[in-house]
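Text of work_1.tsv, listed as TSV, C-alpha atoms and all ligand atoms:
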```tsv
chain	number	residue	atom	x	y	z
B	7	MET	CA	181.13	172.20	93.44
B	8	ILE	CA	182.87	170.55	90.55
B	9	GLY	CA	182.54	172.69	87.46
B	10	SER	CA	181.72	175.85	89.35
B	11	TYR	CA	182.80	179.20	88.04
B	12	VAL	CA	186.35	180.21	89.03
B	13	PRO	CA	186.79	183.99	89.26
B	14	ARG	CA	189.86	185.68	87.76
B	15	PRO	CA	191.07	188.22	90.30
B	16	GLU	CA	193.16	191.21	89.26
B	17	TRP	CA	195.65	193.67	90.71
B	18	LEU	CA	196.10	193.51	94.48
B	19	MET	CA	193.48	190.77	94.87
B	20	LEU	CA	195.47	188.63	92.47
B	21	ASP	CA	198.55	189.27	94.60
B	22	TRP	CA	196.61	188.12	97.66
B	23	HIS	CA	195.45	184.91	95.96
B	24	HIS	CA	199.03	184.19	94.87
B	25	ALA	CA	200.31	184.82	98.43
B	26	CYS	CA	197.76	182.36	99.83
B	27	LEU	CA	198.70	179.77	97.20
B	28	GLU	CA	202.40	180.19	97.93
B	29	ALA	CA	201.91	179.93	101.70
B	30	ASP	CA	199.26	177.21	101.32
B	31	MET	CA	197.24	179.02	103.97
B	32	VAL	CA	195.28	182.19	104.54
B	33	THR	CA	197.44	185.30	104.35
B	34	ILE	CA	196.48	188.85	105.20
B	35	GLN	CA	198.16	192.05	104.09
B	36	ARG	CA	200.01	193.77	106.91
B	37	CYS	CA	201.57	197.22	106.97
B	38	ALA	CA	205.36	196.96	107.17
B	39	SER	CA	205.54	200.29	108.96
B	40	CYS	CA	202.88	200.13	111.69
B	41	ALA	CA	201.80	196.44	111.50
B	42	THR	CA	198.12	197.22	110.87
B	43	TRP	CA	196.28	194.34	109.18
B	44	ARG	CA	194.09	195.13	106.19
B	45	HIS	CA	191.79	193.18	103.93
B	46	PRO	CA	190.86	193.40	101.12
B	47	PRO	CA	194.38	194.46	100.09
B	48	ARG	CA	195.03	198.14	99.49
B	49	ARG	CA	197.96	200.12	98.15
B	50	PHE	CA	198.27	202.43	101.18
B	51	CYS	CA	197.91	201.87	104.91
B	52	ALA	CA	194.87	203.75	106.23
B	53	ALA	CA	196.56	204.10	109.62
B	54	CYS	CA	199.97	205.51	108.63
B	55	ARG	CA	199.79	205.96	104.81
B	56	SER	CA	202.80	203.72	104.25
B	57	ARG	CA	203.09	202.00	100.86
B	58	GLU	CA	205.14	199.15	102.34
B	59	SER	CA	203.30	195.94	103.16
B	60	ALA	CA	203.54	192.18	103.00
B	61	PHE	CA	201.13	189.28	102.87
B	62	VAL	CA	201.57	187.44	106.15
B	63	PRO	CA	200.25	183.93	106.89
B	64	VAL	CA	197.67	183.90	109.68
B	65	SER	CA	196.08	181.14	111.73
B	66	GLY	CA	192.72	181.50	110.02
B	67	ALA	CA	190.93	181.49	113.37
B	68	GLY	CA	187.99	183.79	113.76
B	69	THR	CA	184.28	184.08	114.42
B	70	VAL	CA	181.18	184.44	112.26
B	71	ARG	CA	180.48	188.16	111.93
B	72	SER	CA	177.65	187.77	109.44
B	73	TYR	CA	176.34	185.44	106.78
B	74	ALA	CA	173.94	185.29	103.85
B	75	VAL	CA	172.02	182.21	102.75
B	76	SER	CA	171.68	181.39	99.06
B	77	HIS	CA	168.63	179.28	98.22
B	78	ARG	CA	169.39	179.37	94.51
B	79	SER	CA	172.59	179.70	92.57
B	80	MET	CA	173.25	181.10	89.12
B	81	ASP	CA	176.29	178.81	89.05
B	82	PRO	CA	175.35	175.19	88.24
B	83	GLY	CA	178.40	174.09	90.18
B	84	TRP	CA	176.75	175.24	93.41
B	85	HIS	CA	173.21	173.92	92.79
B	86	GLU	CA	173.68	170.78	94.86
B	87	ALA	CA	174.98	172.83	97.78
B	88	THR	CA	171.85	174.98	98.14
B	89	PRO	CA	170.81	176.25	100.53
B	90	TYR	CA	174.32	177.30	101.49
B	91	ALA	CA	175.75	180.14	103.52
B	92	THR	CA	178.47	182.60	102.63
B	93	LEU	CA	180.20	183.89	105.73
B	94	VAL	CA	181.81	187.12	106.74
B	95	VAL	CA	184.46	185.92	109.17
B	96	ALA	CA	186.00	188.25	111.72
B	97	LEU	CA	189.55	186.97	111.86
B	98	ASP	CA	191.56	187.24	115.07
B	99	GLU	CA	193.58	189.92	113.21
B	100	GLN	CA	190.44	192.14	113.30
B	101	VAL	CA	189.81	192.06	109.57
B	102	SER	CA	186.86	190.53	107.75
B	103	LEU	CA	187.17	187.75	105.22
B	104	LEU	CA	184.51	186.21	102.97
B	105	ALA	CA	184.34	182.43	103.16
B	106	ALA	CA	182.29	179.47	102.01
B	107	THR	CA	181.23	176.79	104.47
B	108	THR	CA	179.92	173.24	104.36
B	109	SER	CA	177.84	173.96	107.47
B	110	THR	CA	174.13	174.14	106.89
B	111	PRO	CA	172.64	177.58	107.57
B	112	ASN	CA	170.65	176.24	110.56
B	113	ASP	CA	173.89	175.20	112.24
B	114	LEU	CA	175.38	178.69	112.06
B	115	ALA	CA	175.28	181.43	114.66
B	116	LEU	CA	176.78	184.88	114.89
B	117	GLY	CA	179.92	184.82	117.01
B	118	MET	CA	180.48	181.12	116.37
B	119	PRO	CA	184.20	180.23	116.31
B	120	VAL	CA	185.41	179.10	112.89
B	121	GLN	CA	188.66	178.01	111.33
B	122	CYS	CA	189.47	179.25	107.80
B	123	SER	CA	191.47	177.35	105.24
B	124	ILE	CA	192.09	177.73	101.54
B	125	GLU	CA	191.31	175.52	98.58
B	126	ARG	CA	193.25	176.02	95.36
B	127	ARG	CA	190.80	176.51	92.48
B	128	SER	CA	193.29	177.67	89.84
B	129	ASP	CA	196.79	179.12	89.60
B	130	ASP	CA	195.20	182.50	90.34
B	131	PHE	CA	192.35	181.79	92.73
B	132	VAL	CA	191.81	180.30	96.15
B	133	LEU	CA	188.43	179.65	97.73
B	134	VAL	CA	188.38	180.33	101.46
B	135	TRP	CA	186.45	177.83	103.58
B	136	ALA	CA	185.39	178.43	107.16
B	137	GLU	CA	184.23	175.56	109.33
B	138	PRO	CA	183.13	175.57	112.96
B	139	SER	CA	186.02	175.04	115.31
B	140	ASP	CA	185.86	173.39	118.69
B	141	GLU	CA	187.66	176.31	120.18
B	142	THR	CA	185.27	178.51	122.10
B	143	PRO	CA	186.25	182.13	122.61
B	144	ASP	CA	187.68	182.59	126.06
B	145	ILE	CA	185.59	185.41	127.52
B	146	ARG	CA	185.94	184.25	131.10
B	147	PRO	CA	187.94	186.31	133.55
B	148	ALA	CA	191.45	185.02	134.09
B	149	ALA	CA	191.62	182.22	136.64
B	150	SER	CA	193.13	183.25	139.95
B	151	GLY	CA	195.32	180.23	140.53
B	152	ARG	CA	194.69	176.51	140.34
H	1	ZN	ZN	200.64	201.44	108.59
```

What do you get writing this file as structure tokens?
Amino acid sequence: MIGSYVPRPEWLMLDWHHACLEADMVTIQRCASCATWRHPPRRFCAACRSRESAFVPVSGAGTVRSYAVSHRSMDPGWHEATPYATLVVALDEQVSLLAATTSTPNDLALGMPVQCSIERRSDDFVLVWAEPSDETPDIRPAASGR
């Protein structure tokens, strides 16, 4: 993906990219009043209408909520990667995050556990990557002793 187009985010999205760069990990905006997570970033909290918020580093753990497969790319920098998938990741914080992946589309499944990380693309832009994680969601009932 050398030479691929690097977007120039603005306003609150630029703030989010800068927060991720500063933390060197995925951050998500969180209401300072009621602690509700929100992404993409917004000026007001939808839950309590507070204007106070902060970008908080998160683990980046989540699951594949959805994905789209690109068989062609308008960006020459992505030609060699086709066909590639763009993921909608449901983070553990219950917000969705768009992410690239090196996984081939045939290896993806909805609900698959993934781990997100960031790649610095410029002083103003991070690309989020999501790769399958070994961690399987624990949906079993709690063990009743050992
Ligand atoms: Zn709130």

Within 9 Å of ligand ZN 1 (chain H), which residues show up when you count all atoms listed in the file? List them as a list in words, please.
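Written in the requested form, the residues are Arg36, Cys37, Ala38, Ser39, Cys40, Ala41, Thr42, Trp43, Phe50, Cys51, Ala52, Ala53, Cys54, Arg55, Ser56, Arg57, Glu58 and Ser59 of chain B.
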
Prev. selection, C-alpha atoms, output as a short mmCIF file (atom, residue, chain, number, x, y, z; two decimals), in the coordinates of the input:
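After the write, part_20.cif holds the following:
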```cif
data_model
loop_
_atom_site.label_atom_id
_atom_site.label_comp_id
_atom_site.auth_asym_id
_atom_site.auth_seq_id
_atom_site.Cartn_x
_atom_site.Cartn_y
_atom_site.Cartn_z
CA ARG B 36 200.01 193.77 106.91
CA CYS B 37 201.57 197.22 106.97
CA ALA B 38 205.36 196.96 107.17
CA SER B 39 205.54 200.29 108.96
CA CYS B 40 202.88 200.13 111.69
CA ALA B 41 201.80 196.44 111.50
CA THR B 42 198.12 197.22 110.87
CA TRP B 43 196.28 194.34 109.18
CA PHE B 50 198.27 202.43 101.18
CA CYS B 51 197.91 201.87 104.91
CA ALA B 52 194.87 203.75 106.23
CA ALA B 53 196.56 204.10 109.62
CA CYS B 54 199.97 205.51 108.63
CA ARG B 55 199.79 205.96 104.81
CA SER B 56 202.80 203.72 104.25
CA ARG B 57 203.09 202.00 100.86
CA GLU B 58 205.14 199.15 102.34
CA SER B 59 203.30 195.94 103.16
#
```

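Shortest separation to B:Val32 among B:Leu103, B:Leu93, B:Met118, B:Val64 occurs at residue B:Val64, atoms counted being only C-alpha atoms.
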
Write out as a PyMOL selection string the residues lying within 10 Å of B:Ala105, counting only C-alpha atoms and excluding same-chain residues fewer than 5 positions away.
chain B and resi 70+73+91-95+122-124+133-137

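The residue set within 9 Å of B:Ile34, counting all atoms listed in the file and dropping same-chain residues fewer than 2 places from it, reads Trp22, Ala25, Cys26, Val32, Arg36, Trp43, Arg44, His45, Pro46, Pro47, Ala60, Phe61, Val62, Pro63, Val64, Glu99 and Val101 of chain B.
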
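Picture a line from atom CA of B:Ser72 to atom CA of B:Pro111; it runs 11.5 Å.
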
Tell me, in Å to one decimal, how far atom CA of B:Thr69 is from atom CA of B:Thr107.
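Pair atom CA of B:Thr69 / atom CA of B:Thr107 returns 12.7 Å.
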
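Of the listed residues (B:Asp81, B:Arg71, B:Trp17, B:Phe131), B:Arg71 comes nearest to B:Pro119; the distances count all atoms listed in the file.
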
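With distances taken over only C-alpha atoms, B:Thr110 is the one residue among B:Thr110, B:Gln121, B:Thr33, B:Gln100 lying closest to B:Ser76.
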
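In this model, the gap between atom CA of B:Ser109 and atom CA of B:Pro138 comes to 7.8 Å.
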
Quick one: residues within 7 Å of (167.7, 177.7, 97.1) (file frame), counting all atoms listed in the file, please, as a ChimeraX atom specification.
/B:76-79,88-89

Could you give me, as a count of residues only, the residues within 7 Å of stretch 8-14 of chain B, counting all atoms listed in the file and dropping anything in the same chain fewer than 3 positions from it?
7
